[in-house]
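Q: Here it is: the structure, laid out below.
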Amino acid sequence: MKPINLKNLGLTGEMIQESKQYKNLSIGRVSTQSKNLYKVITENGEIIAEISGKFHFYVSDSSEYPAVGDFVMVDRTDDSQGNAIIHHVLARKSVFARKTAGSRKDVQVVAANIDTVFVCMSLNHDFNLRRLERYLSNAWDSGAVPVVVLTKSDLCTDIEQKLNEISSIAIGVDVYVTTSTSDDGYLPLKKYLANGRTAAFIGSSGVGKSTLINCLLGKNALDTGEIRNDDKGRHTTTRRELIILPESGVVIDTPGMRELGVIHADLSKSFADIDELAAQCKFNDCTHSNEPKCAVQNAIREGILSVERLENYRKLLRETKYEGLNSKMIEKEKLNNIFREMGGLKSAKKFMRAQKMKKRR
Ligand SMILES: Nc1nc2c(ncn2[C@@H]2O[C@H](COP(=O)(O)OP(=O)(O)O)[C@@H](O)[C@H]2O)c(=O)[nH]1
Ligand SMILES: [Mg+2]
Ligand SMILES: [Zn+2]
C-alpha cells in the first residue's frame, strides 16, 4: 500500500512542529471512537488505538480526550501486535463542541480540526430560524467557518420565501440549497473540500447529512435513515465518523442532536447586526428594553429586526454567559480576520440596509 500523506488529511506545519518533541511516536488522525477504542488513520492505514494510563491520569477536562478529527501521537502505525497507544493530542486548530445533555458544564467535542461547519437544515420539517441562529452562534465559536446547507430542496415549494427568511438572520455566511435526489444537487459543497480541507456535517437527525456525504463519496458507504427491510429498526448514524473523500478533502459525519446545548458561542458574529445597532444606542449600557433612543428597539419598530431574533440573542447570551469561556485552544484572532475578510461588520451594515429597502417596498 502507498503511504498516506497526512497533509492531504489536514495535518498542518504547526502540528508537525509540535510533534517533533515526541520522539519515537507517530502522527495519526482519529477517525472514529467507540467507548475506549479509537480508530486512527496513520501513514500506514487505519489502526485501532487506546489511551495510555498516563494520559487518563493527567486529563482534567473531558474535552482533552481525543475526539474525531484530532491529530494524535501514537506509539505504532501497525496494530497487528496489539492496539496502538495514544499518548498525546496535538493542539487543535478548531473545535466544534457542545454541552452534553443534562450537564451544565460537560463539554463534548463533536469534531476537531475542521475548516468548515456545514450547518444542515432541511427545507421541510426541520426548518427553524431560531435553531439555525443557535447552530451558527456555536459554529462561529468553533474556529471554523460556518456554511448553511439547506437540504431536501425537492420537498420544498417555497424556496424563495425560505431563502428570504434566512437572509434576514445568516449574516456573512454562505447559504446553499441542496438535494440528494439529483446528480448535481450536492455539488456546491465540493468547493469546501479541496485537498487538506475538513468539513463537519452538523444538524438535526434525518435532515440528510449522511445521504449528502454518500453523494460526495459516490457510493453508499454510510447508513442513512431508510427503514430497513427486516423492520428491525432504522439505519442511521450513531457515531461521529471521519471519512476521506476519493477526490480530495475529508468530511466528518455526526449523528443528529435532539437539541444543541450551546456552551460557547460567538454572538458577535452570528448577531453582528444587533451589535452594530447597539453601538448606536444612546446609552453605552443600554439593555434594549425601554431606554430612550434605543437603536435596537427602533429597528424592531421599523421592522428591520424581529423580536424573536432579539429574544433568541438574549437567551443564548444567558446560556453561555456563566460558562466562563474556557481557555480556548484556538486562535480567535485568526477567525476574527476571516470574518472581517468575509465582509463581517460591513456585511452586517449592508444587511441592515437591505432590510430597510425590503421594508420600503
Ligand atoms: N426527498 C429527499 N429525501 C432525502 C434527501 N436526502 C436524504 N433524504 C432522506 O432523508 C432520510 C434521512 O437521511 P439521512 O442522510 O440518514 O439523514 P441524517 O440523519 O441527517 O444523516 C433518508 O430516508 C433519506 O433517504 C433529499 O435530498 N431529498
Ligand atoms: Mg446520518
Ligand atoms: Zn439599546
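In the C-alpha cells, the first chain shown is A, the next is B, and so on; residue numbers restart at 1 for each chain, and ligands run from 1 in the order shown.
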So that I can check the surroundings of stretch 79-84 of chain A, please list as a list in words every protein, DNA and RNA residue that reaches within 6 Å of it, counting only C-alpha atoms and ignoring chain neighbours fewer than 2 positions away.
A: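 The filter keeps Ile47, Ile48, Ala49, Asp75 and Arg76 of chain A.
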Q: Could you give me, as CSV, a per-residue list for chain A showing, wherever an atom lies at most 12 Å from an atom of ligand 3, the closest pair of atoms and their distance in Å to one decimal, using only C-alpha atoms and all ligand atoms and sorting by chain then residue number from low to high?
A:
```
residue,atom,partner,partner_atom_place_in_ligand_line,distance
A:Ile274,CA,ligand 3,1 (Zn),9.2
A:Asp275,CA,ligand 3,1 (Zn),9.7
A:Glu276,CA,ligand 3,1 (Zn),10.6
A:Leu277,CA,ligand 3,1 (Zn),7.6
A:Ala278,CA,ligand 3,1 (Zn),5.3
A:Ala279,CA,ligand 3,1 (Zn),8.2
A:Gln280,CA,ligand 3,1 (Zn),7.7
A:Cys281,CA,ligand 3,1 (Zn),4.7
A:Lys282,CA,ligand 3,1 (Zn),7.2
A:Phe283,CA,ligand 3,1 (Zn),7.1
A:Asn284,CA,ligand 3,1 (Zn),8.2
A:Asp285,CA,ligand 3,1 (Zn),7.9
A:Cys286,CA,ligand 3,1 (Zn),4.5
A:Thr287,CA,ligand 3,1 (Zn),5.5
A:His288,CA,ligand 3,1 (Zn),3.5
A:Ser289,CA,ligand 3,1 (Zn),6.9
A:Asn290,CA,ligand 3,1 (Zn),8.0
A:Glu291,CA,ligand 3,1 (Zn),6.6
A:Pro292,CA,ligand 3,1 (Zn),8.1
A:Lys293,CA,ligand 3,1 (Zn),7.2
A:Cys294,CA,ligand 3,1 (Zn),3.7
A:Ala295,CA,ligand 3,1 (Zn),5.3
A:Val296,CA,ligand 3,1 (Zn),5.0
A:Gln297,CA,ligand 3,1 (Zn),6.4
A:Asn298,CA,ligand 3,1 (Zn),8.4
A:Ala299,CA,ligand 3,1 (Zn),9.8
A:Ile300,CA,ligand 3,1 (Zn),10.8
A:Leu310,CA,ligand 3,1 (Zn),11.1
```
Q: I'd like the contact shell of A:Arg29 - 9 Å cut-off, only C-alpha atoms, skipping same-chain residues fewer than 4 positions apart - returned as a VMD selection string.
A: chain A and resid 6 9 11 39 to 42 68 to 73
Q: Taking only residues of stretch 193-216 of chain A that have an atom at most 9 Å from an atom of stretch 238-246 of chain A, what is each one's shortest atom pair and its distance in Å to one decimal, using only C-alpha atoms, in chain and number order, as a Markdown table?
A:
```
| residue | atom | partner | partner_atom | distance |
| --- | --- | --- | --- | --- |
| A:Leu193 | CA | A:Leu245 | CA | 8.5 |
| A:Ala200 | CA | A:Leu242 | CA | 8.6 |
| A:Ile213 | CA | A:Ile243 | CA | 8.9 |
| A:Leu216 | CA | A:Leu245 | CA | 7.1 |
```
Q: Just write the chosen residues, C-alpha atoms, as a PDB file, in the first residue's frame.
A:
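Output contents, as saved in selection35.pdb:
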```pdb
ATOM      1  CA  LEU A 193     -13.381  20.082   0.166  1.00  0.00           C
ATOM      2  CA  ALA A 200     -18.133  18.611   9.557  1.00  0.00           C
ATOM      3  CA  ILE A 213     -21.847  12.512   2.261  1.00  0.00           C
ATOM      4  CA  LEU A 216     -19.748  13.126  -2.196  1.00  0.00           C
TER       5      LEU A 216
END
```
Q: For ligand 2, which residue out of A:Ala265, A:Ile86, A:Cys120, A:Leu317 is the nearest one, using only C-alpha atoms and all ligand atoms?
A: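 So, comparing all the options, the nearest one is A:Cys120.
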Q: Quote the spacing between atom CA of A:Leu90 and atom CA of A:Gln21 in Å to one decimal place.
A: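 Atom-to-atom, atom CA of A:Leu90 to atom CA of A:Gln21, that is 11.0 Å.
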Q: Could you name the residues that touch A:Gly196 at 6 Å or less, counting only C-alpha atoms, but leaving out those on the same chain fewer than 3 positions away, as a list of chain:residue names?
A: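 The residues satisfying every condition are A:Asn8, A:Leu9, A:Gly10, A:Gly249.
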Q: Given the selection you just returned, output its residues as a file containing C-alpha atoms, formatted as a tab-separated table (two decimals), in the first residue's frame.
A:
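So the final result, stored in part-v9.tsv, reads:
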```tsv
chain	number	residue	atom	x	y	z
A	8	ASN	CA	-3.75	15.61	2.47
A	9	LEU	CA	-5.88	14.96	5.53
A	10	GLY	CA	-5.25	18.38	7.02
A	249	GLY	CA	-10.95	16.55	1.31
```
Q: For A:Tyr38, list every protein, DNA or RNA residue within 8 Å, evaluated using only C-alpha atoms, and leave out those in the same chain fewer than 4 positions away; present the list as a ChimeraX atom specification.
A: /A:30-34,48-50
Q: Which parts of stretch 12-168 of chain A does DSSP call alpha helix (DSSP H) when run on the backbone here, written out as a PyMOL selection string?
A: chain A and resi 13-19+53-58+129-140+159-167
Q: Any idea what's packed within 10 Å of A:Ala97, counting only C-alpha atoms, ignoring anything in its chain fewer than 5 positions away? Could you give it as number ranges by chain?
A: A: 63, 106-112, 138-139, 141-142, 260-265
Q: Keeping only C-alpha atoms, write the selected residues as a compact mmCIF listing (two decimals), in the first residue's frame.
A:
```txt
# COMPACT_ATOMS: atom_id res chain seq x y z
CA SER A 63 -12.66 17.95 26.24
CA ASP A 106 -19.50 18.97 30.44
CA VAL A 107 -18.20 19.61 27.01
CA GLN A 108 -18.35 17.12 24.22
CA VAL A 109 -16.02 17.71 21.34
CA VAL A 110 -18.06 16.88 18.25
CA ALA A 111 -15.31 17.45 15.72
CA ALA A 112 -11.77 18.81 15.85
CA ASN A 138 -21.96 27.78 18.24
CA ALA A 139 -20.29 27.19 14.90
CA ASP A 141 -17.09 29.91 18.11
CA SER A 142 -15.53 26.71 16.80
CA LEU A 260 -27.79 21.59 20.63
CA GLY A 261 -26.57 22.55 24.06
CA VAL A 262 -24.51 25.62 23.44
CA ILE A 263 -21.62 26.05 25.76
CA HIS A 264 -19.56 28.56 23.88
CA ALA A 265 -20.99 30.93 21.37
```
